[in-house]
Amino acid sequence: MSAQVRPGTSPSLSRRDVVKAAGVVGAALAAPAVHGQNPSSDVIRVGLIGAGGRGTGALQQALSVPGSNVKVTAIGDAFGDHISGALRAIEDMKDKIDCPEDRRFEGLDAYKKVLDHCDLVILATPPGFRPFHFAAAIEAGKHVFMEKPVCVDSFGAELCLKVAKLADEKKRKVVVGLQRRYEPRYRETVARIREGLAGDIVGGQVYWNGAGIWYRNRQPNQTEMQFQVNNWYHFNWLCGDHVCEQHVHNIDVANWFLDDIPVSAYGNGGKQNRIPGQPSEIYDHHCVNFVYKNGARIASQCRQFPGGDGRVDEFFQGTKGQVRIGEITDYKGKVLWRYEGPNPNPYQVEHDELQAAIRNDTPLNNAYYGTTSSFSACLARYATYSGKEVGYDEMMKLGIRTMPENMSWDSEPPVMPDKDGNYKLPMPADFKLA
């Protein structure tokens with residue numbers, strides 16, 4: 001990640017566009033077809049921007065909402081083979097596919113073309129692009145499902161919060177892929193906490209400790225920009241490091257259960273077990289302590305290397321009891337409550353509830369907590385990279401931006417390899433907070 005503070009705008013939006021998206025006043029665009037006289041049966045046209053594995057999964061779920069008249073009408077991706085892969089994955093849904101060749105768009109500007117052919121758009125590109133695509137989608141009057149994280153730096157977080165307000169003004173519905181928020185075990189556990197069953201939450205531990213991640217080797221004739229965008233998980237300007245891209249799920253749960261965002265973060269991390277011959281700009285472990293306004297402390301761990309115990313979960317301690325997801329006990333081990341209800345697939349529930357909100361025109365906007373939780377994960381990265389305790393408000397105000405203002409396949413990415421093909425890791429001595 002570049003620690004440089006670089007004011008500016010999106011590679012795809014002018015400064016005027018950003019101000020317009022952030023501007024709290026603006027004429028609402030005409031509502032899409034699903035707000036017609038018969039919204040329960042009108043087709044919802046779905047566009048997909050980012051046709052990789054998660055984007056394809058989200059598309060399958062959007063097309064699987066029970067009883068919903070929905071069709072995919074446009075797909076865009078930086079790489080054409082991803083588009084064909086997504087269409088193969090849904091080929092058994094022929095009655096829900098209306099995406100001819102002339103509505104399949106390839107390249108860095110593909111997202112603009114998709115927005116011309118949909119009512120609801122799925123944003124599933126590498127996270128670095130998310131704030132700018134979100135702004136373009138809301139400006140175009142689209143409902144949005146966007147994957148987490150929604151930003152990888154403070155510039156993107158600030159833009160997302162402004163666009164969230166614009167979405168409310170335009171009555172656009174927004175769901176963010178932090179699917180634990182749509183899982184009954186989590187929802188019911190939060191409800192019991194709000195009732196006071198565990199007392200005040202004063203501490204907790206959140207984990208995403210697992211094995212390694214995918215890597216896409218460099219291909220012949222690829223430019224450096226093409227290599228990095230295709231191999232986005234290994235570059236901070238595109239993914240925000242795995243503490244942001246992956247561990248955001250657990251950090252979001254902490255914010256949700258505490259009903260707050262952290263004041264500060266302090267921690268450390270590094271690179272210990274990445275596979276030789278697979279150059280990567282991100283760490284493979286982070287260990288961070290968050291402090292909240294009420295004095296609560298959350299200990300956060302994430303790890304990506306083989307061996308050891310895998311752990312992906314969350315625990316909390318209250319003044320009256322301790323909390324596991326789906327269970328609250330007192331400190332003598334007596335069960336005070338246990339969830340015994342159904343466990344529907346939360347990835348599907350996200351889309352069920354989004355389309356219901358669109359058809360019924362009921363309020364739904366996850367962009368606020370999606371942004372604050374994503375930026376809480378960015379805060380963790382700022383802490384581990386700098387070796388300093390960093391404040392949430394302080395880092396937000398710096399406006400750190402990692403995404404280039406202008407991009408093409410031939411332009412130079414923010415980080416370049418050395419003569420041996422390796423990428424320098426962010427280190428505290430090199431990380432400047434201002």
# chains A, B, ... in the order shown; residues from 1 in each chain; ligands from 1

$ residues_around --residues "His351 of chain A" --least-positions-apart "6" --cutoff "8 Å" --atoms "only C-alpha atoms" --output "VMD selection string"
chain A and resid 61 to 62 65

$ select_by_dssp --residues "segment 178-263 of chain A" --states "alpha helix (DSSP H)" --output "ChimeraX atom specification"
/A:184-194,224-230,236-239,242-245,248-258

$ residues_around --residues "Gly267 of chain A" --least-positions-apart "5" --cutoff "7 Å" --atoms "only C-alpha atoms" --output "list of chain:residue names"
A:Cys287, A:Val288, A:Asn289, A:Ala383, A:Thr384, A:Gly387

$ select_by_dssp --residues "segment 110-195 of chain A" --states "strand (DSSP E or B)" --output "MDAnalysis selection string"
chainID A and resid 120:123 143:146 174:176

$ atom_distance --atom1 "atom CA of Ser374 of chain A" --atom2 "atom CA of Val176 of chain A"
10.6 Å

$ closest_residue --among "A:Leu364, A:Tyr215, A:Asn345, A:Trp208" --to "Val312 of chain A" --atoms "only C-alpha atoms"
A:Trp208

$ closest_residue --among "A:Asp393, A:Asp284, A:Glu340, A:Asp330" --to "Gln272 of chain A" --atoms "only C-alpha atoms"
A:Asp284

$ residues_around --residues "Val114 of chain A" --least-positions-apart "2" --cutoff "7 Å" --atoms "only C-alpha atoms" --output "ChimeraX atom specification"
/A:47,74-76,110-112,116-118

$ closest_atom_pairs --of "segment 116-144 of chain A" --to "segment 167-173 of chain A" --cutoff "9 Å" --atoms "only C-alpha atoms" --output "Markdown table"
| residue | atom | partner | partner_atom | distance |
| --- | --- | --- | --- | --- |
| A:Leu120 | CA | A:Lys173 | CA | 8.9 |
| A:Ile138 | CA | A:Ala167 | CA | 6.0 |
| A:Glu139 | CA | A:Ala167 | CA | 8.4 |
| A:Gly141 | CA | A:Arg172 | CA | 7.0 |
| A:Lys142 | CA | A:Arg172 | CA | 6.5 |
| A:His143 | CA | A:Lys173 | CA | 5.0 |
| A:Val144 | CA | A:Lys173 | CA | 6.3 |
